[in-house]
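Structure, as structure tokens:
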Amino acid sequence: MSKFMFYLFFLLMTTSLFSYESENKIQALIVGKIAKFITWEDESSDTFVITMLHNSFGDTFDKVYKDKQIKGRNVEIRYITDIKDIKKTDVLYISNVTSTELDEILLKLKNTNILTISDLRGFAQKRGVVQVYFASQKPKLKINLISAKEQNLQIKSSLLQIADVIKG
Amino acid sequence: MLNYKKPLSIFVAIFLSSELFAEASLDDDLQDLLDMRSEIKADVGSRSAAKNFLESRSPLDVITHTQIEDTGLTSLTDVLRYFVAGFNAPETSVADGSDHVRAFTLRGMSPDQVLVLVNGKRLHTSALLHVNGTIGRGSSNVDLDTIALVSIDKIEILRDGAAAQYGSDAISGVINIILKGFGHQNEISSHIGLRNKGDGRGFEADGFVSIPLEYDGFLNLSLAAKDEEQTQRAGEDKRLTPASVKTHAGRPDAKNLNFVLNAESFSVDDVTIYSNALFNYRESEASAFFRPADADVSIASLYPNGFLPIIEAEILDYSFVLGARGKYKEIEWDLSNTYGYNEISYKLRDSMNYGYGSSSPTSFNVGELSFVQNTTNLDLKYMLDKFELAFGGEYRYENYVVKKGDASSYTNGISQGFAGYRPENEVDTSRSNYALYIDGVYSPIDKLSLEAATRYEDYSDFGETLNVKLSLGYKALEDLLLRTSISTGFRAPSLAQSNYSHTSTFGGKMEGTFSPEQDISKALGAKELKAEKSKHLTIGGVYQPTSATYFMIDYFLVYVDDRIMLSNEIGGATASLEQQTILSNYGVDKARFFTNAVDTITQGIDAKLTHRFEFEDNSKLHSSLWYNYSKNKVDGFNDSKMSRSNSLEQIDRIENGQPKHSVRFLNKYDIQKMSITLNLSAYGSYSQVIDNQKYKFKESWTADLDVAYAFTKKFKIALGGHNIFDTYPDKFSQPINNFYGQDAIKPYSRYSPFGYSGAYYYARATFKF
């Protein structure tokens with residue numbers, strides 16, 4: 001019996017698996033992935049900047065993007081707790097804000113060519129560009145096309161095909 | 001000795017054909033990420049935000065709705081039995097109300113020592129009090145079959161004492177049922193099946209529709225209609241000439257209609273209004289024992305060939321939650337009210353009251369039980385960097401009613417099969433309680449989290465109680481979590497236990513169940529019921545070397561003082577002279593009542609290994625092996641009239657009536673459009689005492705198989721079976737009497753952990769849109 005258990009455990013620990021990833025890591029990966037489907041007005045910088053407003057992901061983004069590139073550019077993760085502190089960025093990931101604060105933030109960011117992303121409920125309907133949410137343990141995307149146009153972001157149709165699209 | 005070479009070689013072959021493990025990375029394309037399953041989060045067990053259930057400080061398991069779909073089951077009780085080692089739900093028959101509301105236990109403890117929540121709110125129990133000789137005798141449990149499976153997103157099972165967090169009943173564990181929320185697909189499905197003996201036909205049609213509201217709000221509606229035909233596994237009735245099968249023994253005839261609403265509406269000022277409602281209407285019928293025509297008092301003019309009384313239970317159950325939550329400055333708040341109602345109306349047909357002779361009615365309304373529970377909660381939460389503080393209060397009101405039956409069901413004798421409730425059994429009683437709690441979690445470093453919770457409750461009937469819980473989680477290694485908790489708990493005596501009585505007259509004398517409040521009970525030594533008190537220790541850990549593998553093991557130890565049980569039946573030859581005098585003074589022949597009878601110790605372990613594989617052909621295998629050992633022991637007697645020798649049946653039911661060992665080995669293999677799910681369940685031995693004689697039943701195992709094929713992403717058909725190898729439990733080892741025994745009317749024990757109806761085969765179709 002003990003030999004059998006030993007072999008079983010050995011095999012379980014060394015052979016193939018498919019994994020259930022943390023929601024945080026999946027969201028972090030999605031940011032980099034959807035960037036490939038989006039064109040910014042100016043992509044000449046060597047650095048692709050992701051700014052985290054009220055970070056709720058711990059060090060997940062740092063770990064995921066350490067020594068990685070998005071669209072051939074090195075990735076820099078910045079953390080801010082006040083929208084006033086935002087500097088030139090490609091992506092703004094928004095967490096932990098109230099509905100009123102979100103309205104103010106999105107108004108302030110209008111026409112800034114920043115891709116706004118969040119997992120806040122109702123984010124896309126409130127004029128955020130990309131909302132990530134989870135249902136049945138699977139990540140899903142919701143994209144507000146009007147907001148994307150207001151931000152002068154071009155989104156490839158292949159991304160729109162796999163997301164729920166809001167046109168208003 | 002068992003030969004492991006063959007299974008080992010199979011494992012080797014499977015594993016060597018698979019590819020190396022890879023975690024999600026930026027190399028995956030977006031569609032792969034969107035197809036990936038995320039971690040499973042759970043709310044129960046802590047007031048903190050939902051977290052990965054593998055990081056819980058207390059043992060926790062989660063069953064997801066996709067797992068539920070793969071079982072082919074149509075009952076929540078059966079789903080929990082399918083997945084959870086240590087969850088026991090026998091199928092009884094000829095046990096009056098217990099045939100219609102199934103009792104269930106965790107770790108072999110009492111059914112009323114499990115707290116059930118829906119979306120984190122307490123769910124009311126059934127009005128039924130199990131008073132026959134079934135598992136769970138003396139308790140009222142939540143009727144799990146009042147909830148449509150199609151409405152469920154996931155089921156969280158906390159295997160730890162949690163009365164200091166949630167209040168009464170959370171002794172052997174907490175089951176939190178989370179209803180489907182935002183983003184779930186609409187679906188309709190149908191299920192048909194039957195037993196391999198040709199009976200027990202089952203049909204279910206259900207549907208789920210989600211209506212999106214502004215800002216990701218939703219209005220979800222679920223509807224399920226189910227019709228289950230009885231199974232018949234009774235033996236011949238040797239009282240008849242020639243002997244023939246008359247009594248019904250097996251699963252009952254039952255028709256269920258379930259409706260579930262779950263809704264959330266978001267407003268611009270960050271206040272969320274939420275609501276859910278459960279509705280169940282059930283018509284269920286099962287038989288009493290057959291009454292032969294030559295019985296002493298039978299009336300040949302009404303039933304020349306004898307008669308089989310049929311007990312019809314009409315169950316109405318509903319609950320409604322309305323609440324609002326939001327954030328004020330740094331404090332999250334949640335205010336809600338939950339109203340729950342359960343009613344059981346008993347009717348009897350194909351029966352008679354011998355006292356009325358040939359003019360006896362053959363149908364009777366024998367009475368009605370109902371239970372109301374209204375709970376108001378205010379929960380507040382404040383979070384700082386390393387400290388989370390939750391506090392709040394609860395006010396609960398309960399009402400329990402017993403209504404009498406038709407006069408003809410209890411006068412001049414009784415209605416055969418189920419004696420009607422008498423006027424003196426009628427009760428309409430209420431109580432209230434309020435609770436205050438505080439629960440803090442402190443994480444001084446990432447690796448360590450400490451939780452301390454305390455809860456004060458004041459009940460209008462039995463008084464105050466204060467309970468505490470301390471728990472600790474420590475990540476000794478990146479992939480190893482060690483955890484422990486100690487706590488105290490309690491279970492308030494139910495209103496039914498304190499007030500229920502069901503008596504009848506034989507030869508001018510009364511007998512039956514009396515409430516502890518009645519004079520006869522007090523004269524015989526009954527005291528006002530007090531709360532059961534518990535102490536808990538859990539220690540264990542989770543080893544998670546990769547995000548696709550985990551092994552958890554936990555030891556548990558639970559002391560329960562003053563467990564409430566029915567007393568022995570006092571009367572007849574075993575009664576003392578003093579008791580006989582008391583009984584005679586009250587015109588009572590035999591009496592029993594609820595009492596804080598015994599102290600118990602429960603201990604054991606849960607060990608669970610889960611592993612997910614991906615093979616070169618992109619097929620996937622998810623395997624989970626779960627072992628539970630639960631040992632229950634009566635450790636002391638508080639009722640001086642009860643002892644191990646004079647209460648063998650009651651004591652043995654607690655100690656040996658349920659399997660101590662149980663195993664679930666669940667495997668799901670996905671290849672292209674096909675999913676194959678195989679579940680092996682092993683049940684340890686158990687015993688039943690009849691007429692002071694103990695009968696043992698050997699361990700057994702069953703296999704369940706479901707093969708599903710997705711013709712499109714929206715349409716799937718599945719064929720499957722439960723107990724596919726048609727396993728039956730042991731029969732009694734020898735003849736006992738006409739009713740129970742190897743060749744008697746009931747050849748199988750009512751304690752059988754997987755029933756005795758044999759194999760069931762089904763087909764189901766699901767359309768998602």
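By convention in this document, the chains of the structure tokens carry letters A, B, ... by their order, each chain's residues are numbered from 1, and ligands are numbered from 1 in the order they are shown.
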Find the residues around range 125-134 of chain A up to 10 Å (only C-alpha atoms counted), leave out those fewer than 4 positions away in its own chain, and share them as a PyMOL selection string. (chain A and resi 23+26-27+30-31+34+93-94+99+102-103+105-107+109-110+114-121+138-151+153+163-168) or (chain B and resi 34+37-38+182-184+214-216+268)
Sel. of strand (DSSP E or B) residues, chain A, as a ChimeraX atom specification: /A:21,38-39,47-53,69-70,73-80,91-94,115-118,130-135,138-144,154-155,164-166
Across A:Thr81, A:Ser136, A:Asn152, A:Thr60, the smallest distance to chain B, with only C-alpha atoms counted, is shown by A:Ser136
